[in-house]
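Some notes on the structure that comes next.
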Amino acid sequence: MILSKPFAFLKKDLIEQASYKFSFITQFAGIFFSTILFYFISKLIGNTASAYLAPYGGNYFPFVLIGIAFSSYLSVSLSSFSSAISGAQMSGTLEALLVTQTEIPVIIVCSSLYSFLLTSLRVVFYLVLGFLLFGVEMSGHGVPAAILILFLTIIIFSSLGIMSASFIMVMKKGDPFMWVFTTLSWALGGVYYPVKMLPDWIGRFSYFLPITYAMEGVRLALLKGYSLSQLTFQVGVLVAFALIMLPLSIYLFMLAVRKAKRDGSLIHY
Amino acid sequence: MKYAVEVIDLVKNYQPLKKYKDYFISPFKKNIVPALKGVNLKIEGGEFFGLLGPNGAGKTTLIKILATLILPTSGKALVAGYDVKENERLVRKSIGYVVSEERSSFWRLTGRQNLEFFASLNNLNGIEAKKRIEELLEITELKNDADKYFKDYSTGMKQKLGIARGMLTDPQILFLDEPTKSLDPSTARHLRNFIKKDIVEKQGKTVFFATHNLVEAESLCDRIAIIDKGVIKACGSLSEIRRLLIGKKKFIIKFEKIEERVVEKLKNIKSITDIKIPASSSQDENACEIEVDGEGEEISEIIKELSLLDIKLLSFFPVIPSLEEIFSQVTEKGEKI
């Protein structure tokens with residue numbers, strides 16, 4: 001019973017997305033080509049960055065493969081909630097959803113499940129491609145720690161995503177959370193290159209970004225086999241971020257819903 | 001629960017979007033647009049209630065407040081006995097809301113898949129949901145088209161699916177916001193019959209029906225409220241509204257030939273307060289319209305007086321204003337009953 005609503009949303013989104021057959025197939029082709037692209041870039045880089053990459057095994061391709069695979073979770077956490085709202089506003093279905101016996105937060109969370117599921121498939125596809133075609137080696141020991149870090153990171157970025165959705169609910173467009181965090185996280189958080197490569201004064205900013213700890217933790221777990229006890233610092237920081245941001249985001253979201261209902265703009269776009 | 005819907009002094013003010021120049025000229029000034037100005041309504045259970053008003057009168061705002069989609073600025077609204085501000089969840093449990101927006105279903109899902117999805121969101125699952133969906137498809141005559149994509153439905157079928165969706169939980173109260181707006185006359189008539197016969201008469205639901213279609217309101221509703229510029233101008237059954245609006249009764253008298261002495265005679269009868277020759281609603285120049293003040297006994301007196309004139313009286317009948325006339329009197333002349 002508890003799972004019936006998430007399942008209903010997943011089924012509905014899967015039917016809808018699968019009906020756009022061309023787009024459904026091409027997104028997997030895109031993953032294949034971006035993996036090949038990064039493989040050849042890593043060949044080009046060779047050993048030139050090995051000093052920075054030493055903590056993660058010294059090879060650029062596994063480093064960036066994990067970076068792009070897991071950062072897609074962060075993208076979807078940031079964008080899926082606000083997309084769920086604006087998508088339903090634009091398609092005209094939001095009003096019908098809001099008069100059901102399902103609370104708005106449940107509707108928003110369930111509306112984003114399909115994106116998370118698709119992203120999980122993408123990540124698996126990235127890792128399997130890396131393993132089968134390009135011989136990337138990963139450690140099975142670190143998988144539980146990587147999953148925990150990923151879970152915490154999804155909570156943190158989803159909190160940011162919910163704040164972004166709150167903004168969209170009231171202002172309809174021009175969400176600043178998304179822009180600031182996406183730009184800073186991707187530039188400074190160690191997705192495509194190690195944070196240590198950054199000049200010191202810029203590198204300091206990366207310590208304020210949860211993605212820095214998430215990327216480092218996942219890479220050390222999967223590429224070096226670090227256990228949970230060896231990653232307590234990264235996990236601790238992520239737990240702290242999650243404890244602050246999740247309640248804050250839910251509070252802001254409830255405020256935004258109240259304001260939109262007062263303004264009569266809940267379904268406007 | 002005393003009433004299915006009770007609205008007490010309900011006020012809703014909107015703040016329209018500011019223009020760029022407003023931020024420079026009057027940055028702190030708040031523009032307020034009143035949508036509802038102290039609305040009061042009481043609707044009994046099992047009633048077919050029509051909310052009639054021109055575009056922009058406040059119909060949709062009122063219905064959205066009752067469906068918990070908008071918060072009122074002040075006042076109170078109770079639906080099935082629950083306050084729309086305090087008990088949103090319980091209100092939503094008691095109502096079905098049918099929007100006129102045909103895009104409110106998922107176009108790339110079939111009719112049945114749409115109903116299954118919304119059933120789940122309304123805590124209706126498994127066999128119970130399947131059974132209810134089958135029932136509704138049967139009632140709305142969509143059974144043979146249930147597995148077609150919603151995008152391939154005609155406008156009438158889309159509207160029927162919207163009604164089926166609104167009735168999934170077998171709600172006590174159904175809010176219908178202009179459900180026949182984009183339908184052709186035949187489909188609209190069919191849908192109206194379906195709402196009146198199946199939903200109200202057979203199933204005993206309370207229906208709150210917002211429309212600007214006068215024929216629709218006249219043929220369907222037990223009681224009507226006419227709303228204009230956020231104010232309820234008249235409320236009651238059509239005959240009550242007529243009575244209140246007319247106050248003085250009007251009659252048309254047709255003579256074989258109307259003569260000066262007849263007019264003089266009519267002018268001298270005390271209970272007749274106004275005479276129009278010819279009658280405004282008749283092309284016949286031998287007909288006149290009289291306005292009578294009194295309780296009813298004066299009619300026989302008028303007939304008696306006219307019979308003394310030795311003139312041939314062809315007919316004598318009351319003028320019953322149509323809803324259209326009442327509507328225009330209330331909305332265009334701004335009269336409040």
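Letters A, B, ... mark the chains of the structure tokens in the order given; residue numbers begin at 1 per chain; ligand numbers begin at 1, in order shown.
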
Contact set, chain A to chain B: 12 Å, only C-alpha atoms, as an NGL selection string: :A and (1-20 or 87-104 or 106-107 or 110-111 or 171 or 257-268)

What lies within 12 Å of Thr183 of chain A using only C-alpha atoms, ignoring chain neighbours under 5 positions off, as a PDB file with C-alpha atoms, in the first residue's frame?
ATOM      1  CA  SER A  75      21.947  16.863 -11.581  1.00  0.00           C
ATOM      2  CA  LEU A  78      18.766  19.318  -8.246  1.00  0.00           C
ATOM      3  CA  PRO A 176      18.897  30.954  -8.520  1.00  0.00           C
ATOM      4  CA  PHE A 177      19.619  27.809  -6.434  1.00  0.00           C
ATOM      5  CA  MET A 178      20.034  25.671  -9.472  1.00  0.00           C
ATOM      6  CA  LEU A 188      34.931  23.326  -7.953  1.00  0.00           C
ATOM      7  CA  GLY A 189      33.605  20.012  -6.648  1.00  0.00           C
ATOM      8  CA  VAL A 191      33.708  16.132 -10.993  1.00  0.00           C
ATOM      9  CA  SER A 206      35.270  23.656  -2.590  1.00  0.00           C
ATOM     10  CA  LEU A 209      30.376  22.232  -1.292  1.00  0.00           C
ATOM     11  CA  ILE A 211      29.800  17.474  -3.839  1.00  0.00           C
TER      12      ILE A 211
END

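Closest to Glu256 of chain B among B:Ile232, B:Leu36, B:Leu10, B:Leu314 is B:Leu314, based on only C-alpha atoms.
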
Find the residues around Leu127 of chain A up to 8 Å (only C-alpha atoms counted), leave out those fewer than 4 positions away in its own chain, and share them as an mmCIF file with N, CA and C atoms, in the first residue's frame.
data_model
loop_
_atom_site.group_PDB
_atom_site.id
_atom_site.type_symbol
_atom_site.label_atom_id
_atom_site.label_comp_id
_atom_site.auth_asym_id
_atom_site.auth_seq_id
_atom_site.Cartn_x
_atom_site.Cartn_y
_atom_site.Cartn_z
ATOM 1 N N LEU A 65 35.211 8.802 -15.100
ATOM 2 C CA LEU A 65 34.031 7.962 -15.325
ATOM 3 C C LEU A 65 33.124 7.994 -14.085
ATOM 4 N N ILE A 66 33.742 7.848 -12.919
ATOM 5 C CA ILE A 66 32.953 7.904 -11.678
ATOM 6 C C ILE A 66 32.396 9.319 -11.482
ATOM 7 N N ALA A 69 29.471 9.733 -13.933
ATOM 8 C CA ALA A 69 28.372 8.815 -13.610
ATOM 9 C C ALA A 69 27.609 9.317 -12.389
ATOM 10 N N VAL A 123 23.984 5.196 -14.621
ATOM 11 C CA VAL A 123 25.220 5.001 -13.859
ATOM 12 C C VAL A 123 25.714 3.565 -14.041
ATOM 13 N N PHE A 131 33.903 -0.976 -17.353
ATOM 14 C CA PHE A 131 34.477 -2.254 -16.920
ATOM 15 C C PHE A 131 34.703 -3.185 -18.109
#

Shortest contact to Leu41 of chain B, candidates B:Lys233, B:Lys197, B:Arg192, B:His212, atoms counted only C-alpha atoms, goes to B:Lys233

Report the residues of segment 223-274 of chain B whose backbone DSSP state falls under strand (DSSP E), written as a PyMOL selection string. chain B and resi 223-228+231-236+249-255+272-274

Separating atom CA of Glu178 of chain B from atom CA of Leu191 of chain B, to the nearest tenth of an Å, is a gap of 11.6 Å

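Proximity to Thr35 of chain A at 10 Å, evaluated using only C-alpha atoms and with sequence-adjacent residues fewer than 5 positions away removed, yields Gly30, Phe40, Ile41, Phe61, Val64, Leu65, Ile68, Ala69, Phe125, Tyr126, Leu127, Leu129, Gly130, Leu133 and Phe134 of chain A.
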
Output the selection as a short mmCIF file (atom, residue, chain, number, x, y, z; two decimals), in the first residue's frame - N, CA and C atoms for each residue.
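The resulting file, result.cif, is reproduced below:
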data_model
loop_
_atom_site.label_atom_id
_atom_site.label_comp_id
_atom_site.auth_asym_id
_atom_site.auth_seq_id
_atom_site.Cartn_x
_atom_site.Cartn_y
_atom_site.Cartn_z
N GLY A 30 23.72 8.24 -26.23
CA GLY A 30 24.48 9.39 -25.75
C GLY A 30 25.48 8.98 -24.68
N PHE A 40 39.16 8.65 -24.70
CA PHE A 40 40.23 9.19 -25.54
C PHE A 40 40.85 10.44 -24.93
N ILE A 41 40.04 11.22 -24.23
CA ILE A 41 40.62 12.38 -23.52
C ILE A 41 41.62 11.88 -22.46
N PHE A 61 40.95 8.06 -16.53
CA PHE A 61 39.67 7.56 -17.06
C PHE A 61 38.74 7.04 -15.96
N VAL A 64 37.36 10.12 -14.00
CA VAL A 64 36.31 10.93 -14.64
C VAL A 64 35.03 10.13 -14.88
N LEU A 65 35.21 8.80 -15.10
CA LEU A 65 34.03 7.96 -15.33
C LEU A 65 33.12 7.99 -14.09
N ILE A 68 31.51 11.60 -13.81
CA ILE A 68 30.33 11.92 -14.63
C ILE A 68 29.16 10.99 -14.30
N ALA A 69 29.47 9.73 -13.93
CA ALA A 69 28.37 8.82 -13.61
C ALA A 69 27.61 9.32 -12.39
N PHE A 125 25.09 1.66 -16.53
CA PHE A 125 25.52 1.55 -17.92
C PHE A 125 26.94 2.12 -18.09
N TYR A 126 27.18 3.29 -17.45
CA TYR A 126 28.52 3.91 -17.48
C TYR A 126 29.55 2.94 -16.90
N LEU A 127 29.25 2.40 -15.72
CA LEU A 127 30.22 1.56 -15.03
C LEU A 127 30.46 0.25 -15.77
N LEU A 129 30.07 -0.21 -19.01
CA LEU A 129 30.86 0.12 -20.20
C LEU A 129 32.33 0.26 -19.85
N GLY A 130 32.59 1.00 -18.76
CA GLY A 130 33.97 1.21 -18.31
C GLY A 130 34.66 -0.09 -17.98
N LEU A 133 34.42 -2.57 -21.62
CA LEU A 133 35.11 -2.11 -22.84
C LEU A 133 36.48 -1.50 -22.56
N PHE A 134 36.61 -0.85 -21.42
CA PHE A 134 37.86 -0.10 -21.20
C PHE A 134 38.65 -0.60 -20.00
#

Excluding Tyr3 of chain B and its own-chain neighbours fewer than 2 positions away, which residues fall within 10 Å of it when counting only C-alpha atoms? Please give them as a PyMOL selection string.
chain B and resi 1+5-7+41-46+78-81

**Request:** Excluding Val237 of chain A and residues on its chain fewer than 3 positions from it, collect all residues at most 8 Å away from it, counting only C-alpha atoms, and give them as a list in words.
**Result:** Pro210, Tyr213, Phe233, Gln234, Ala240 and Phe241 of chain A

Requested write-out: N, CA and C atoms of the selected residues, as a PDB file, in the first residue's frame:
ATOM      1  N   PRO A 210      29.050  20.254  -0.743  1.00  0.00           N
ATOM      2  CA  PRO A 210      28.917  18.830  -0.398  1.00  0.00           C
ATOM      3  C   PRO A 210      29.435  17.900  -1.487  1.00  0.00           C
ATOM      4  N   TYR A 213      32.982  16.362  -0.996  1.00  0.00           N
ATOM      5  CA  TYR A 213      33.112  15.208  -0.095  1.00  0.00           C
ATOM      6  C   TYR A 213      32.490  13.965  -0.723  1.00  0.00           C
ATOM      7  N   PHE A 233      35.242  10.839   7.926  1.00  0.00           N
ATOM      8  CA  PHE A 233      35.243  12.299   7.780  1.00  0.00           C
ATOM      9  C   PHE A 233      34.254  12.731   6.688  1.00  0.00           C
ATOM     10  N   GLN A 234      34.402  12.123   5.487  1.00  0.00           N
ATOM     11  CA  GLN A 234      33.508  12.483   4.369  1.00  0.00           C
ATOM     12  C   GLN A 234      32.037  12.207   4.729  1.00  0.00           C
ATOM     13  N   ALA A 240      26.101  15.957   8.293  1.00  0.00           N
ATOM     14  CA  ALA A 240      25.837  17.302   8.833  1.00  0.00           C
ATOM     15  C   ALA A 240      25.086  18.160   7.812  1.00  0.00           C
ATOM     16  N   PHE A 241      25.570  18.115   6.561  1.00  0.00           N
ATOM     17  CA  PHE A 241      24.880  18.871   5.489  1.00  0.00           C
ATOM     18  C   PHE A 241      23.417  18.420   5.391  1.00  0.00           C
TER      19      PHE A 241
END
